[in-house]
Amino acid sequence: MKFPDLVSASKRLVFRRATEENLSANGHLNMKLEQTEALEQRLCKACGFCCDGTLFLHVRISESEPIRAYKKAGLQLMDSPEGKVTMRQPCSGFSKGSCQTYHCRPLRCGEFKCALLKQASEGAVTESNALEVIRETKKTRSRYTALLHQIFPEFEQRPVVSTYRQIRKASKHLSGEALKLFRARKSQLKEYRESLQEALDLHFYDSQGKEDDDRSKST
Ligand code: SF4
Ligand code: SF4
């Protein structure tokens, strides 16, 4: 009788140890996930480029999503010419540097991670380096938009991403002082725009992201 008892006691011990090891591994995993999520939130709060019109023009919404709930939450949706529902950017839910409808945001918003966020989550870039990239890119964007809005005040209402391609077209309608200013600052504006695009290409868009200014392409 002693022998089976010993077997079952040793089995129980092995089982308990395995369970404890599993619990500790799970606990560790959960902690890691929480840390990664907190890191992502800190970076996104400092950034906002995928919500404020710097990177994308639209967020595509699929038919199965709760469109009514999104509208009720204050998100501005529209029907595209192809009959698809999209959400224009800058997003109406983006305010004070963060998403005001976080618990009722489109699927693609929840799925999207820019290249920088992916690298930071995987530990390929440190948090302070990622924050530095965001700060520097914001400075580059401010330099570009300040000059852009000085020459084309009507661009103030437009998402930054839509202005990259519109400068040449808009310049054809300039006259008088505005035209003089454009001619004098044209090369500087081009230089600022290229620096911004370079920073966005290098750190934020991934291999597919820029195709049609639609953040859904990058998820
Ligand atoms: S662009 Fe990247 S870091 Fe910035 S808010 Fe979007 S996912 Fe976050
Ligand atoms: S719903 Fe939230 S996450 Fe999505 S674009 Fe708007 S502010 Fe950004």
# chains A, B, ... in the order shown; residues from 1 in each chain; ligands from 1

$ residues_near_ligand --ligand "ligand 2" --cutoff "12 Å" --atoms "only C-alpha atoms and all ligand atoms" --output "ChimeraX atom specification"
/A:41,44-45,47-61,67,69-71,73-77,86-113,214-216

$ write_last_selection --atoms "C-alpha atoms" --output "compact mmCIF listing (two decimals), in the first residue's frame"
# COMPACT_ATOMS: atom_id res chain seq x y z
CA GLN A 41 -0.24 53.67 -25.33
CA CYS A 44 0.58 56.65 -29.43
CA LYS A 45 -0.40 59.40 -26.98
CA CYS A 47 2.14 60.79 -31.60
CA GLY A 48 -1.32 60.60 -33.21
CA PHE A 49 -0.07 60.57 -36.82
CA CYS A 50 -2.42 57.76 -37.83
CA CYS A 51 -5.45 59.68 -36.51
CA ASP A 52 -4.73 63.31 -37.33
CA GLY A 53 -4.33 63.18 -41.10
CA THR A 54 -0.54 63.09 -41.18
CA LEU A 55 -0.33 59.51 -42.48
CA PHE A 56 -3.74 58.67 -43.91
CA LEU A 57 -6.84 60.17 -45.45
CA HIS A 58 -9.32 57.44 -44.55
CA VAL A 59 -10.03 54.51 -42.31
CA ARG A 60 -12.00 51.86 -44.13
CA ILE A 61 -14.95 50.43 -42.23
CA ILE A 67 -21.70 51.67 -37.84
CA ALA A 69 -22.60 52.87 -32.61
CA TYR A 70 -19.65 54.61 -34.26
CA LYS A 71 -21.90 57.45 -35.37
CA ALA A 73 -19.93 57.93 -30.47
CA GLY A 74 -19.34 60.97 -32.69
CA LEU A 75 -17.27 59.42 -35.46
CA GLN A 76 -17.87 61.01 -38.85
CA LEU A 77 -18.43 58.31 -41.41
CA THR A 86 -15.02 55.21 -44.65
CA MET A 87 -14.01 57.52 -41.86
CA ARG A 88 -12.21 60.64 -42.92
CA GLN A 89 -9.13 61.93 -41.20
CA PRO A 90 -8.29 63.98 -39.18
CA CYS A 91 -10.64 61.81 -37.15
CA SER A 92 -13.47 63.52 -35.28
CA GLY A 93 -12.74 61.16 -32.38
CA PHE A 94 -9.18 62.44 -32.05
CA SER A 95 -8.85 65.17 -29.47
CA LYS A 96 -6.29 66.30 -26.87
CA GLY A 97 -3.75 63.94 -28.37
CA SER A 98 -5.75 60.76 -27.97
CA CYS A 99 -8.71 58.73 -29.15
CA GLN A 100 -11.88 59.89 -27.38
CA THR A 101 -13.84 56.86 -28.59
CA TYR A 102 -11.23 54.26 -27.71
CA HIS A 103 -13.79 51.64 -26.63
CA CYS A 104 -15.89 52.20 -29.71
CA ARG A 105 -13.30 52.59 -32.46
CA PRO A 106 -13.27 50.90 -35.85
CA LEU A 107 -11.64 47.49 -36.14
CA ARG A 108 -8.83 48.74 -38.29
CA CYS A 109 -7.93 51.35 -35.69
CA GLY A 110 -7.50 48.61 -33.12
CA GLU A 111 -5.43 46.48 -35.48
CA PHE A 112 -3.19 49.17 -36.88
CA LYS A 113 0.41 49.50 -35.77
CA ASP A 214 -5.82 54.40 -46.28
CA ARG A 215 -4.66 53.15 -42.90
CA SER A 216 -6.39 49.84 -43.50

$ select_by_dssp --residues "segment 3-202 of chain A" --states "alpha helix (DSSP H)" --output "ChimeraX atom specification"
/A:3-46,67-72,107-111,115-121,127-151,160-163,167-171,176-202

$ residues_around --residues "segment 142-159 of chain A" --least-positions-apart "5" --cutoff "12 Å" --atoms "only C-alpha atoms" --output "PyMOL selection string"
chain A and resi 49-58+88-91+135-137+164-197+213

$ write_last_selection --atoms "N, CA and C atoms" --output "compact mmCIF listing (two decimals), in the first residue's frame"
# COMPACT_ATOMS: atom_id res chain seq x y z
N PHE A 49 -0.17 60.40 -35.35
CA PHE A 49 -0.07 60.57 -36.82
C PHE A 49 -1.07 59.73 -37.61
N CYS A 50 -1.49 58.59 -37.06
CA CYS A 50 -2.42 57.76 -37.83
C CYS A 50 -3.88 58.14 -37.56
N CYS A 51 -4.09 59.20 -36.78
CA CYS A 51 -5.45 59.68 -36.51
C CYS A 51 -5.66 61.12 -36.98
N ASP A 52 -4.58 61.86 -37.10
CA ASP A 52 -4.73 63.31 -37.33
C ASP A 52 -4.53 63.76 -38.77
N GLY A 53 -4.46 62.80 -39.69
CA GLY A 53 -4.33 63.18 -41.10
C GLY A 53 -2.90 63.34 -41.58
N THR A 54 -1.94 63.00 -40.74
CA THR A 54 -0.54 63.09 -41.18
C THR A 54 -0.19 61.91 -42.08
N LEU A 55 -0.69 60.72 -41.72
CA LEU A 55 -0.33 59.51 -42.48
C LEU A 55 -1.40 59.08 -43.48
N PHE A 56 -2.67 59.24 -43.10
CA PHE A 56 -3.74 58.67 -43.91
C PHE A 56 -4.89 59.65 -44.11
N LEU A 57 -5.65 59.36 -45.16
CA LEU A 57 -6.84 60.17 -45.45
C LEU A 57 -8.11 59.50 -44.91
N HIS A 58 -8.10 58.17 -44.91
CA HIS A 58 -9.32 57.44 -44.55
C HIS A 58 -9.02 56.25 -43.66
N ARG A 88 -13.20 59.68 -42.43
CA ARG A 88 -12.21 60.64 -42.92
C ARG A 88 -11.27 61.07 -41.79
N GLN A 89 -10.07 61.42 -42.18
CA GLN A 89 -9.13 61.93 -41.20
C GLN A 89 -8.76 63.38 -41.54
N PRO A 90 -8.44 64.24 -40.60
CA PRO A 90 -8.29 63.98 -39.18
C PRO A 90 -9.59 63.43 -38.58
N CYS A 91 -9.47 62.48 -37.70
CA CYS A 91 -10.64 61.81 -37.15
C CYS A 91 -11.36 62.71 -36.14
N ARG A 135 9.05 63.06 -31.69
CA ARG A 135 9.28 64.51 -31.45
C ARG A 135 9.88 65.17 -32.68
N GLU A 136 10.91 64.55 -33.23
CA GLU A 136 11.60 65.14 -34.38
C GLU A 136 10.66 65.21 -35.60
N THR A 137 9.86 64.15 -35.79
CA THR A 137 8.95 64.15 -36.94
C THR A 137 7.88 65.22 -36.76
N TYR A 164 0.48 66.94 -49.85
CA TYR A 164 1.73 66.63 -50.54
C TYR A 164 1.57 66.73 -52.06
N ARG A 165 0.43 66.26 -52.53
CA ARG A 165 0.23 66.21 -53.98
C ARG A 165 -0.47 67.44 -54.54
N GLN A 166 -0.95 68.32 -53.64
CA GLN A 166 -1.80 69.42 -54.12
C GLN A 166 -1.09 70.73 -54.34
N ILE A 167 0.15 70.80 -53.90
CA ILE A 167 0.86 72.09 -53.96
C ILE A 167 0.98 72.60 -55.40
N ARG A 168 1.42 71.72 -56.30
CA ARG A 168 1.62 72.15 -57.69
C ARG A 168 0.31 72.68 -58.29
N LYS A 169 -0.79 71.93 -58.05
CA LYS A 169 -2.08 72.33 -58.60
C LYS A 169 -2.54 73.68 -58.00
N ALA A 170 -2.39 73.81 -56.68
CA ALA A 170 -2.85 75.03 -56.01
C ALA A 170 -2.00 76.24 -56.43
N SER A 171 -0.73 76.00 -56.72
CA SER A 171 0.16 77.12 -57.06
C SER A 171 -0.27 77.78 -58.38
N LYS A 172 -0.97 77.03 -59.23
CA LYS A 172 -1.41 77.58 -60.52
C LYS A 172 -2.47 78.67 -60.33
N HIS A 173 -3.10 78.68 -59.17
CA HIS A 173 -4.17 79.67 -58.93
C HIS A 173 -3.68 80.87 -58.12
N LEU A 174 -2.38 80.89 -57.83
CA LEU A 174 -1.87 82.02 -57.04
C LEU A 174 -1.64 83.24 -57.92
N SER A 175 -1.74 84.40 -57.28
CA SER A 175 -1.42 85.62 -58.02
C SER A 175 -0.91 86.67 -57.03
N GLY A 176 -0.39 87.77 -57.54
CA GLY A 176 0.06 88.90 -56.71
C GLY A 176 1.09 88.49 -55.66
N GLU A 177 0.88 88.98 -54.42
CA GLU A 177 1.83 88.74 -53.33
C GLU A 177 1.98 87.26 -53.02
N ALA A 178 0.86 86.54 -53.10
CA ALA A 178 0.90 85.10 -52.78
C ALA A 178 1.80 84.36 -53.76
N LEU A 179 1.73 84.74 -55.03
CA LEU A 179 2.58 84.10 -56.05
C LEU A 179 4.05 84.44 -55.82
N LYS A 180 4.28 85.70 -55.46
CA LYS A 180 5.67 86.13 -55.18
C LYS A 180 6.24 85.31 -54.01
N LEU A 181 5.41 85.19 -52.97
CA LEU A 181 5.84 84.44 -51.78
C LEU A 181 6.12 82.98 -52.15
N PHE A 182 5.23 82.41 -52.94
CA PHE A 182 5.41 81.02 -53.35
C PHE A 182 6.72 80.84 -54.11
N ARG A 183 6.98 81.75 -55.05
CA ARG A 183 8.22 81.65 -55.86
C ARG A 183 9.45 81.76 -54.97
N ALA A 184 9.35 82.69 -53.98
CA ALA A 184 10.52 82.90 -53.12
C ALA A 184 10.77 81.72 -52.19
N ARG A 185 9.70 81.04 -51.77
CA ARG A 185 9.87 79.98 -50.75
C ARG A 185 9.65 78.57 -51.29
N LYS A 186 9.44 78.49 -52.59
CA LYS A 186 9.11 77.21 -53.23
C LYS A 186 10.12 76.08 -52.90
N SER A 187 11.40 76.40 -53.06
CA SER A 187 12.39 75.34 -52.87
C SER A 187 12.46 74.95 -51.39
N GLN A 188 12.25 75.93 -50.51
CA GLN A 188 12.26 75.60 -49.08
C GLN A 188 11.06 74.71 -48.72
N LEU A 189 9.92 75.05 -49.30
CA LEU A 189 8.72 74.26 -49.04
C LEU A 189 8.93 72.82 -49.52
N LYS A 190 9.56 72.69 -50.69
CA LYS A 190 9.84 71.36 -51.24
C LYS A 190 10.79 70.59 -50.32
N GLU A 191 11.78 71.31 -49.83
CA GLU A 191 12.76 70.66 -48.94
C GLU A 191 12.07 70.17 -47.65
N TYR A 192 11.21 71.03 -47.07
CA TYR A 192 10.50 70.65 -45.84
C TYR A 192 9.57 69.46 -46.10
N ARG A 193 8.87 69.53 -47.24
CA ARG A 193 7.93 68.45 -47.56
C ARG A 193 8.68 67.13 -47.74
N GLU A 194 9.81 67.20 -48.42
CA GLU A 194 10.58 65.97 -48.63
C GLU A 194 11.13 65.41 -47.32
N SER A 195 11.55 66.31 -46.42
CA SER A 195 12.06 65.82 -45.12
C SER A 195 10.94 65.13 -44.36
N LEU A 196 9.75 65.71 -44.41
CA LEU A 196 8.63 65.09 -43.70
C LEU A 196 8.30 63.73 -44.31
N GLN A 197 8.22 63.69 -45.63
CA GLN A 197 7.89 62.42 -46.28
C GLN A 197 8.95 61.36 -45.99
N ASP A 213 -3.32 56.03 -49.15
CA ASP A 213 -3.59 56.89 -48.01
C ASP A 213 -4.67 56.32 -47.11

$ select_by_dssp --residues "chain A" --states "strand (DSSP E)" --output "PyMOL selection string"
chain A and resi 58-61+77-79+85-88+94-95+98-99

$ write_last_selection --atoms "C-alpha atoms" --output "PDB file, in the first residue's frame"
ATOM      1  CA  HIS A  58      -9.319  57.438 -44.546  1.00  0.00           C
ATOM      2  CA  VAL A  59     -10.026  54.514 -42.306  1.00  0.00           C
ATOM      3  CA  ARG A  60     -11.997  51.864 -44.131  1.00  0.00           C
ATOM      4  CA  ILE A  61     -14.948  50.427 -42.227  1.00  0.00           C
ATOM      5  CA  LEU A  77     -18.431  58.307 -41.411  1.00  0.00           C
ATOM      6  CA  MET A  78     -19.129  58.729 -45.087  1.00  0.00           C
ATOM      7  CA  ASP A  79     -19.965  56.619 -48.084  1.00  0.00           C
ATOM      8  CA  VAL A  85     -18.074  53.238 -45.679  1.00  0.00           C
ATOM      9  CA  THR A  86     -15.015  55.206 -44.651  1.00  0.00           C
ATOM     10  CA  MET A  87     -14.008  57.518 -41.862  1.00  0.00           C
ATOM     11  CA  ARG A  88     -12.212  60.639 -42.916  1.00  0.00           C
ATOM     12  CA  PHE A  94      -9.183  62.441 -32.045  1.00  0.00           C
ATOM     13  CA  SER A  95      -8.852  65.174 -29.467  1.00  0.00           C
ATOM     14  CA  SER A  98      -5.753  60.759 -27.975  1.00  0.00           C
ATOM     15  CA  CYS A  99      -8.712  58.726 -29.148  1.00  0.00           C
TER      16      CYS A  99
END
